[in-house]
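Pasted below: upload.cif, mmCIF, C-alpha atoms.
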```cif
data_final
loop_
_atom_site.label_atom_id
_atom_site.label_comp_id
_atom_site.auth_asym_id
_atom_site.auth_seq_id
_atom_site.Cartn_x
_atom_site.Cartn_y
_atom_site.Cartn_z
CA GLY T 1 -21.23 6.47 27.68
CA ALA T 2 -22.32 3.84 25.11
CA VAL T 3 -20.38 0.92 26.51
CA VAL T 4 -20.71 -2.64 25.26
CA SER T 5 -19.46 -5.49 27.40
CA GLN T 6 -18.64 -8.82 25.81
CA HIS T 7 -18.07 -11.97 27.85
CA PRO T 8 -16.08 -14.15 28.01
CA SER T 9 -13.02 -12.51 26.51
CA ARG T 10 -11.38 -15.89 26.03
CA VAL T 11 -12.79 -19.39 25.97
CA ILE T 12 -11.25 -22.76 25.25
CA CYS T 13 -13.50 -25.73 24.69
CA LYS T 14 -13.39 -29.28 23.45
CA SER T 15 -14.63 -30.21 20.02
CA GLY T 16 -18.32 -31.06 20.05
CA THR T 17 -19.29 -28.82 22.93
CA SER T 18 -21.34 -25.64 22.74
CA VAL T 19 -20.13 -22.21 23.77
CA LYS T 20 -22.18 -19.12 24.59
CA ILE T 21 -20.89 -15.57 24.19
CA GLU T 22 -22.75 -12.64 25.70
CA CYS T 23 -22.93 -9.08 24.46
CA ARG T 24 -24.42 -6.45 26.77
CA SER T 25 -25.07 -2.77 26.29
CA LEU T 26 -24.38 -1.27 29.70
CA ASP T 27 -25.74 2.26 29.48
CA PHE T 28 -28.03 2.34 26.50
CA GLN T 29 -30.74 0.28 24.89
CA ALA T 30 -29.52 -1.63 21.87
CA THR T 31 -32.29 -2.02 19.35
CA THR T 32 -29.92 -3.81 17.00
CA MET T 33 -26.89 -5.97 17.64
CA PHE T 34 -24.40 -7.31 15.15
CA TRP T 35 -22.12 -10.33 15.39
CA TYR T 36 -18.84 -10.41 13.48
CA ARG T 37 -16.16 -13.01 13.02
CA GLN T 38 -12.52 -12.15 12.48
CA PHE T 39 -9.78 -14.55 11.44
CA PRO T 40 -6.12 -13.67 12.15
CA LYS T 41 -4.92 -10.71 10.14
CA GLN T 42 -8.22 -10.48 8.32
CA SER T 43 -11.09 -8.07 8.48
CA LEU T 44 -14.39 -8.39 10.28
CA MET T 45 -17.03 -10.41 8.50
CA LEU T 46 -20.62 -9.84 9.51
CA MET T 47 -22.31 -13.06 10.57
CA ALA T 48 -25.75 -11.87 11.54
CA THR T 49 -27.89 -8.91 12.56
CA SER T 50 -30.35 -9.20 15.39
CA ASN T 51 -33.16 -6.90 16.39
CA GLU T 52 -34.62 -7.13 19.86
CA GLY T 53 -37.49 -9.55 20.05
CA SER T 54 -37.18 -10.92 16.54
CA LYS T 55 -35.19 -13.57 14.74
CA ALA T 56 -31.68 -12.79 13.60
CA THR T 57 -30.90 -12.18 9.96
CA TYR T 58 -27.92 -14.25 8.89
CA GLU T 59 -25.45 -13.39 6.16
CA GLN T 60 -25.05 -15.71 3.22
CA GLY T 61 -22.98 -18.74 4.08
CA VAL T 62 -23.49 -18.51 7.85
CA GLU T 63 -25.23 -21.56 9.31
CA LYS T 64 -28.04 -20.36 11.54
CA ASP T 65 -28.36 -23.73 13.23
CA LYS T 66 -24.70 -23.66 14.17
CA PHE T 67 -24.51 -20.06 15.29
CA LEU T 68 -27.59 -19.45 17.41
CA ILE T 69 -28.32 -15.81 18.15
CA ASN T 70 -30.76 -14.62 20.77
CA HIS T 71 -31.65 -10.97 21.38
CA ALA T 72 -34.28 -11.28 24.05
CA SER T 73 -33.85 -7.87 25.64
CA LEU T 74 -32.70 -4.39 24.69
CA THR T 75 -29.45 -4.87 26.56
CA LEU T 76 -28.43 -8.45 25.85
CA SER T 77 -27.67 -10.58 22.83
CA THR T 78 -26.06 -14.00 22.93
CA LEU T 79 -24.22 -16.03 20.32
CA THR T 80 -24.07 -19.76 20.88
CA VAL T 81 -21.65 -21.80 18.81
CA THR T 82 -23.17 -25.26 18.81
CA SER T 83 -21.12 -28.44 18.44
CA ALA T 84 -17.98 -26.40 18.02
CA HIS T 85 -15.14 -27.69 15.86
CA PRO T 86 -11.55 -26.46 15.49
CA GLU T 87 -12.46 -24.53 12.34
CA ASP T 88 -14.83 -22.45 14.46
CA SER T 89 -11.84 -21.09 16.37
CA SER T 90 -11.85 -17.37 15.74
CA PHE T 91 -12.30 -13.93 17.26
CA TYR T 92 -15.97 -13.02 17.62
CA ILE T 93 -16.95 -9.37 18.04
CA CYS T 94 -20.35 -7.90 18.73
CA SER T 95 -21.55 -4.37 18.19
CA ALA T 96 -24.68 -2.63 19.36
CA ARG T 97 -26.69 0.19 17.89
CA GLY T 98 -29.12 2.30 19.84
CA GLN T 99 -29.74 5.68 21.36
CA GLY T 100 -27.27 7.00 23.84
CA ILE T 101 -28.00 9.12 26.87
CA SER T 102 -27.83 12.28 24.78
CA GLY T 103 -30.35 10.84 22.37
CA ALA T 104 -27.86 10.54 19.56
CA ASN T 105 -27.53 7.28 17.69
CA VAL T 106 -24.55 5.24 18.82
CA LEU T 107 -22.77 2.23 17.40
CA THR T 108 -20.34 0.63 19.80
CA PHE T 109 -18.21 -2.50 19.60
CA GLY T 110 -17.47 -5.03 22.27
CA ALA T 111 -13.90 -6.03 23.10
CA GLY T 112 -14.28 -9.39 21.39
CA SER T 113 -14.19 -13.03 22.44
CA ARG T 114 -11.37 -15.36 21.44
CA LEU T 115 -12.71 -18.88 20.91
CA THR T 116 -10.29 -21.80 20.69
CA VAL T 117 -11.73 -25.22 19.97
CA LEU T 118 -9.41 -28.11 20.73
CA LYS Q 1 -22.02 -5.58 -3.56
CA GLN Q 2 -19.80 -3.15 -1.70
CA GLU Q 3 -16.12 -4.01 -1.46
CA VAL Q 4 -13.61 -2.12 0.65
CA THR Q 5 -9.86 -2.27 0.10
CA GLN Q 6 -7.12 -0.83 2.27
CA ILE Q 7 -3.57 -0.14 1.20
CA PRO Q 8 -0.99 -0.80 2.47
CA ALA Q 9 -1.72 -3.97 4.44
CA ALA Q 10 1.11 -3.15 6.79
CA LEU Q 11 3.23 -0.09 7.43
CA SER Q 12 6.21 0.49 9.69
CA VAL Q 13 7.61 3.99 10.21
CA PRO Q 14 9.85 5.80 12.69
CA GLU Q 15 8.28 7.84 15.43
CA GLY Q 16 7.47 11.41 14.50
CA GLU Q 17 6.67 10.82 10.84
CA ASN Q 18 3.44 11.88 9.22
CA LEU Q 19 1.68 9.08 7.38
CA VAL Q 20 -1.32 8.34 5.20
CA LEU Q 21 -3.50 5.25 5.17
CA ASN Q 22 -5.70 4.58 2.17
CA CYS Q 23 -9.17 3.13 1.81
CA SER Q 24 -11.13 2.58 -1.39
CA PHE Q 25 -14.68 1.38 -1.92
CA THR Q 26 -16.47 0.17 -5.03
CA ASP Q 27 -19.95 1.62 -4.54
CA SER Q 28 -19.83 5.39 -4.14
CA ALA Q 29 -23.46 5.62 -3.02
CA ILE Q 30 -22.55 5.75 0.65
CA TYR Q 31 -23.87 8.10 3.30
CA ASN Q 32 -20.82 7.96 5.55
CA LEU Q 33 -17.45 6.34 6.07
CA GLN Q 34 -15.88 5.44 9.37
CA TRP Q 35 -12.32 4.81 10.51
CA PHE Q 36 -11.66 2.47 13.44
CA ARG Q 37 -8.66 1.45 15.47
CA GLN Q 38 -8.16 -2.11 16.67
CA ASP Q 39 -5.47 -3.08 19.14
CA PRO Q 40 -4.28 -6.73 19.11
CA GLY Q 41 -6.92 -9.08 20.50
CA LYS Q 42 -9.30 -6.22 21.20
CA GLY Q 43 -12.48 -4.75 19.83
CA LEU Q 44 -12.86 -1.66 17.68
CA THR Q 45 -12.66 1.95 18.71
CA SER Q 46 -14.26 4.51 16.44
CA LEU Q 47 -11.85 7.25 15.42
CA LEU Q 48 -13.65 9.37 12.87
CA LEU Q 49 -16.99 9.35 11.08
CA ILE Q 50 -17.30 11.35 7.86
CA GLN Q 51 -20.74 12.05 6.49
CA SER Q 52 -21.17 11.94 2.72
CA SER Q 53 -21.71 15.70 2.67
CA GLN Q 54 -18.33 16.30 4.31
CA ARG Q 55 -14.93 16.19 2.69
CA GLU Q 56 -12.92 15.77 5.83
CA GLN Q 57 -13.06 15.32 9.58
CA THR Q 58 -10.39 16.03 12.16
CA SER Q 59 -9.72 14.75 15.66
CA GLY Q 60 -6.44 15.73 17.27
CA ARG Q 61 -3.58 14.41 15.16
CA LEU Q 62 -5.96 12.50 12.92
CA ASN Q 63 -7.52 13.82 9.74
CA ALA Q 64 -9.75 11.77 7.50
CA SER Q 65 -10.80 12.82 4.03
CA LEU Q 66 -13.53 11.47 1.79
CA ASP Q 67 -13.86 11.66 -1.98
CA LYS Q 68 -17.08 9.87 -2.83
CA SER Q 69 -16.80 10.32 -6.58
CA SER Q 70 -13.50 8.50 -6.73
CA GLY Q 71 -14.45 6.00 -4.01
CA ARG Q 72 -11.55 6.89 -1.76
CA SER Q 73 -10.78 7.95 1.77
CA THR Q 74 -7.51 8.67 3.49
CA LEU Q 75 -6.54 8.76 7.14
CA TYR Q 76 -3.69 11.14 7.87
CA ILE Q 77 -1.79 10.72 11.13
CA ALA Q 78 0.48 13.58 12.07
CA ALA Q 79 3.57 13.30 14.25
CA SER Q 80 3.14 9.58 14.80
CA GLN Q 81 3.81 8.07 18.21
CA PRO Q 82 4.49 4.47 19.34
CA GLY Q 83 1.05 4.48 20.95
CA ASP Q 84 -0.47 4.84 17.49
CA SER Q 85 0.63 1.29 16.68
CA ALA Q 86 -2.52 -0.69 15.91
CA THR Q 87 -4.61 -1.93 13.03
CA TYR Q 88 -6.69 0.74 11.34
CA LEU Q 89 -9.90 -0.28 9.62
CA CYS Q 90 -12.22 1.70 7.42
CA ALA Q 91 -15.86 0.75 6.97
CA VAL Q 92 -18.80 1.90 4.88
CA PRO Q 93 -22.48 1.12 5.26
CA GLN Q 94 -24.23 -1.31 2.96
CA GLY Q 95 -27.96 -0.94 3.25
CA ALA Q 96 -29.54 0.46 6.36
CA GLN Q 97 -27.51 -1.27 9.02
CA LYS Q 98 -24.67 -3.39 7.73
CA LEU Q 99 -21.05 -2.21 7.80
CA VAL Q 100 -18.54 -3.50 5.29
CA PHE Q 101 -14.96 -3.40 6.53
CA GLY Q 102 -11.65 -3.25 4.74
CA GLN Q 103 -8.91 -5.70 5.61
CA GLY Q 104 -7.12 -3.11 7.69
CA THR Q 105 -3.64 -1.59 7.77
CA ARG Q 106 -1.34 -2.84 10.52
CA LEU Q 107 0.64 0.16 11.61
CA THR Q 108 3.85 -0.03 13.63
CA ILE Q 109 5.50 3.12 14.91
CA ASN Q 110 9.09 2.48 15.90
CA PRO Q 111 10.56 4.51 18.78
#
```

Encoded form (structure tokens):
Amino acid sequence: GAVVSQHPSRVICKSGTSVKIECRSLDFQATTMFWYRQFPKQSLMLMATSNEGSKATYEQGVEKDKFLINHASLTLSTLTVTSAHPEDSSFYICSARGQGISGANVLTFGAGSRLTVL
Amino acid sequence: KQEVTQIPAALSVPEGENLVLNCSFTDSAIYNLQWFRQDPGKGLTSLLLIQSSQREQTSGRLNASLDKSSGRSTLYIAASQPGDSATYLCAVPQGAQKLVFGQGTRLTINP
């Protein structure tokens, strides 16, 4: 139980285009979802926290107009990288927090999405 | 601001050895600490969660300890296997929801 699906796993796009990454909780309702960014051989850096039905809270230094986050339902959050540039190339990971089938709180990570901007 | 540091950054050992990974954090007012495993190009898998009231937690060949007062945690892996090769990350909460991660230890177990 408590599975999070992240799609796509890999995406290559041209500079200037926008890319959308989806994060879905498959068997539980995710009241909160988190988006992280990870550069090679570095740790995860939290970009933003989103609660279902409300605006995301962005970490300091993260451009909210560049990284659009939508959490319209209890099972889906999306991250859109707008007007992507090569420096946006990175590994993006989502995680979801909610109540599992047993009623216990769960925090589960997606498998990540590798974005390469040419 | 919470900062998490992991030492060593990388570790390579022969199969069968016992090993210890270290994690330190600057703010000891935490309510839990978590160890994760990350395989190359993949997401995170939770290994162990230690509550602040606990001193250690065990799962199979893994044992994690927590010393809040000194701001340290260790992950002990017994009888290491090539399949244990991965990056191991520790993380502590900051505030109600945010997790702060260490940089990770890249572990290689050589057959």

Seminar exercise, completed: A straight line from CA of Cys23 in chain T to CA of Lys55 in chain T spans 16.3 Å

Problem set entry | Expected answer as a list in words: chain T residues within 7 Å of chain Q, all atoms listed in the file |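 Result, ordered by chain then number: Gln42, Ser43, Leu44, Ile93, Phe109, Gly110, Ala111 and Gly112 of chain T.
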
Exercise. Which residues match the PyMOL selection byres ((chain T and resi 105) around 12) in the file above, as an MDAnalysis selection string?
Worked result: chainID T and resid 1:2 28:32 96:104 106:108

For this session: Please provide the set of residues having any atom within 10 Å of Asn32 in chain Q, restricted to only C-alpha atoms, with same-chain residues fewer than 2 positions apart removed, written as a VMD selection string.
Result: chain Q and resid 29 to 30 34 49 to 54 66 68 91 to 93

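The interatomic distance for the pair CA of Thr58 in chain Q and CA of Gly95 in chain Q works out to 26.0 Å.
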
Exercise. Taking the file as shown, what set of residues would the PyMOL selection byres ((chain Q and resi 82) around 9) give back, as a ChimeraX atom specification?
Worked result: /Q:14-16,80-81,83-85,108-111

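CA of Ser9 in chain T is positioned 17.7 Å from CA of Ile69 in chain T.
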
For this session: Find the residues around Leu76 in chain T up to 10 Å (all atoms listed in the file counted), leave out those fewer than 3 positions away in its own chain, and share them as an MDAnalysis selection string.
Result: chainID T and resid 4:6 22:26 29:31 33 52 70:73 96

Exercise. Which residues match the PyMOL selection byres ((chain Q and resi 73) around 10) in the file above, as a ChimeraX atom specification?
Worked result: /Q:6,21-25,33-35,50,55-56,64-68,70-72,74-76,90

Reconstructed range 32-54 of chain Q, atom set N, CA, C and O atoms, as a PDB file, in the frame of the given file:
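Final file, result-v6.pdb:
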```pdb
ATOM      1  N   ASN Q  32     -21.922   7.600   4.654  1.00  0.00           N
ATOM      2  CA  ASN Q  32     -20.820   7.960   5.550  1.00  0.00           C
ATOM      3  C   ASN Q  32     -19.711   6.941   5.415  1.00  0.00           C
ATOM      4  O   ASN Q  32     -19.856   5.900   4.758  1.00  0.00           O
ATOM      5  N   LEU Q  33     -18.591   7.251   6.010  1.00  0.00           N
ATOM      6  CA  LEU Q  33     -17.450   6.340   6.070  1.00  0.00           C
ATOM      7  C   LEU Q  33     -16.843   6.497   7.449  1.00  0.00           C
ATOM      8  O   LEU Q  33     -16.766   7.610   7.992  1.00  0.00           O
ATOM      9  N   GLN Q  34     -16.392   5.393   8.008  1.00  0.00           N
ATOM     10  CA  GLN Q  34     -15.880   5.440   9.370  1.00  0.00           C
ATOM     11  C   GLN Q  34     -14.503   4.789   9.437  1.00  0.00           C
ATOM     12  O   GLN Q  34     -14.247   3.784   8.768  1.00  0.00           O
ATOM     13  N   TRP Q  35     -13.639   5.381  10.231  1.00  0.00           N
ATOM     14  CA  TRP Q  35     -12.320   4.810  10.510  1.00  0.00           C
ATOM     15  C   TRP Q  35     -12.318   4.312  11.961  1.00  0.00           C
ATOM     16  O   TRP Q  35     -12.771   4.999  12.874  1.00  0.00           O
ATOM     17  N   PHE Q  36     -11.759   3.091  12.121  1.00  0.00           N
ATOM     18  CA  PHE Q  36     -11.660   2.470  13.440  1.00  0.00           C
ATOM     19  C   PHE Q  36     -10.212   2.108  13.725  1.00  0.00           C
ATOM     20  O   PHE Q  36      -9.411   1.905  12.824  1.00  0.00           O
ATOM     21  N   ARG Q  37      -9.947   1.956  15.013  1.00  0.00           N
ATOM     22  CA  ARG Q  37      -8.660   1.450  15.470  1.00  0.00           C
ATOM     23  C   ARG Q  37      -8.918   0.148  16.202  1.00  0.00           C
ATOM     24  O   ARG Q  37      -9.882   0.031  16.978  1.00  0.00           O
ATOM     25  N   GLN Q  38      -8.056  -0.852  15.957  1.00  0.00           N
ATOM     26  CA  GLN Q  38      -8.160  -2.110  16.670  1.00  0.00           C
ATOM     27  C   GLN Q  38      -6.795  -2.499  17.215  1.00  0.00           C
ATOM     28  O   GLN Q  38      -5.849  -2.681  16.458  1.00  0.00           O
ATOM     29  N   ASP Q  39      -6.692  -2.602  18.530  1.00  0.00           N
ATOM     30  CA  ASP Q  39      -5.470  -3.080  19.140  1.00  0.00           C
ATOM     31  C   ASP Q  39      -5.504  -4.611  19.154  1.00  0.00           C
ATOM     32  O   ASP Q  39      -6.578  -5.213  19.121  1.00  0.00           O
ATOM     33  N   PRO Q  40      -4.337  -5.267  19.206  1.00  0.00           N
ATOM     34  CA  PRO Q  40      -4.280  -6.730  19.110  1.00  0.00           C
ATOM     35  C   PRO Q  40      -5.194  -7.424  20.116  1.00  0.00           C
ATOM     36  O   PRO Q  40      -5.134  -7.146  21.318  1.00  0.00           O
ATOM     37  N   GLY Q  41      -6.031  -8.321  19.631  1.00  0.00           N
ATOM     38  CA  GLY Q  41      -6.920  -9.080  20.500  1.00  0.00           C
ATOM     39  C   GLY Q  41      -8.020  -8.273  21.146  1.00  0.00           C
ATOM     40  O   GLY Q  41      -8.623  -8.718  22.127  1.00  0.00           O
ATOM     41  N   LYS Q  42      -8.290  -7.100  20.599  1.00  0.00           N
ATOM     42  CA  LYS Q  42      -9.300  -6.220  21.200  1.00  0.00           C
ATOM     43  C   LYS Q  42     -10.393  -5.893  20.200  1.00  0.00           C
ATOM     44  O   LYS Q  42     -10.312  -6.222  19.018  1.00  0.00           O
ATOM     45  N   GLY Q  43     -11.408  -5.198  20.704  1.00  0.00           N
ATOM     46  CA  GLY Q  43     -12.480  -4.750  19.830  1.00  0.00           C
ATOM     47  C   GLY Q  43     -12.093  -3.507  19.074  1.00  0.00           C
ATOM     48  O   GLY Q  43     -10.918  -3.151  18.989  1.00  0.00           O
ATOM     49  N   LEU Q  44     -13.101  -2.842  18.517  1.00  0.00           N
ATOM     50  CA  LEU Q  44     -12.860  -1.660  17.680  1.00  0.00           C
ATOM     51  C   LEU Q  44     -13.202  -0.380  18.423  1.00  0.00           C
ATOM     52  O   LEU Q  44     -14.187  -0.314  19.158  1.00  0.00           O
ATOM     53  N   THR Q  45     -12.391   0.624  18.189  1.00  0.00           N
ATOM     54  CA  THR Q  45     -12.660   1.950  18.710  1.00  0.00           C
ATOM     55  C   THR Q  45     -12.877   2.882  17.527  1.00  0.00           C
ATOM     56  O   THR Q  45     -12.038   2.950  16.634  1.00  0.00           O
ATOM     57  N   SER Q  46     -13.987   3.585  17.535  1.00  0.00           N
ATOM     58  CA  SER Q  46     -14.260   4.510  16.440  1.00  0.00           C
ATOM     59  C   SER Q  46     -13.369   5.736  16.559  1.00  0.00           C
ATOM     60  O   SER Q  46     -13.240   6.325  17.631  1.00  0.00           O
ATOM     61  N   LEU Q  47     -12.739   6.089  15.446  1.00  0.00           N
ATOM     62  CA  LEU Q  47     -11.850   7.250  15.420  1.00  0.00           C
ATOM     63  C   LEU Q  47     -12.552   8.467  14.805  1.00  0.00           C
ATOM     64  O   LEU Q  47     -12.579   9.545  15.387  1.00  0.00           O
ATOM     65  N   LEU Q  48     -13.045   8.264  13.607  1.00  0.00           N
ATOM     66  CA  LEU Q  48     -13.650   9.370  12.870  1.00  0.00           C
ATOM     67  C   LEU Q  48     -14.796   8.852  12.023  1.00  0.00           C
ATOM     68  O   LEU Q  48     -14.703   7.762  11.454  1.00  0.00           O
ATOM     69  N   LEU Q  49     -15.850   9.648  11.935  1.00  0.00           N
ATOM     70  CA  LEU Q  49     -16.990   9.350  11.080  1.00  0.00           C
ATOM     71  C   LEU Q  49     -17.171  10.528  10.142  1.00  0.00           C
ATOM     72  O   LEU Q  49     -17.323  11.672  10.602  1.00  0.00           O
ATOM     73  N   ILE Q  50     -17.108  10.276   8.845  1.00  0.00           N
ATOM     74  CA  ILE Q  50     -17.300  11.350   7.860  1.00  0.00           C
ATOM     75  C   ILE Q  50     -18.630  11.125   7.163  1.00  0.00           C
ATOM     76  O   ILE Q  50     -18.872  10.058   6.594  1.00  0.00           O
ATOM     77  N   GLN Q  51     -19.473  12.119   7.208  1.00  0.00           N
ATOM     78  CA  GLN Q  51     -20.740  12.050   6.490  1.00  0.00           C
ATOM     79  C   GLN Q  51     -20.461  12.294   5.003  1.00  0.00           C
ATOM     80  O   GLN Q  51     -19.470  12.919   4.638  1.00  0.00           O
ATOM     81  N   SER Q  52     -21.373  11.820   4.172  1.00  0.00           N
ATOM     82  CA  SER Q  52     -21.170  11.940   2.720  1.00  0.00           C
ATOM     83  C   SER Q  52     -21.106  13.392   2.259  1.00  0.00           C
ATOM     84  O   SER Q  52     -20.515  13.705   1.228  1.00  0.00           O
ATOM     85  N   SER Q  53     -21.707  14.288   3.036  1.00  0.00           N
ATOM     86  CA  SER Q  53     -21.710  15.700   2.670  1.00  0.00           C
ATOM     87  C   SER Q  53     -20.410  16.402   3.077  1.00  0.00           C
ATOM     88  O   SER Q  53     -20.166  17.556   2.694  1.00  0.00           O
ATOM     89  N   GLN Q  54     -19.579  15.705   3.854  1.00  0.00           N
ATOM     90  CA  GLN Q  54     -18.330  16.300   4.310  1.00  0.00           C
ATOM     91  C   GLN Q  54     -17.171  15.828   3.439  1.00  0.00           C
ATOM     92  O   GLN Q  54     -17.227  14.753   2.849  1.00  0.00           O
TER      93      GLN Q  54
END
```
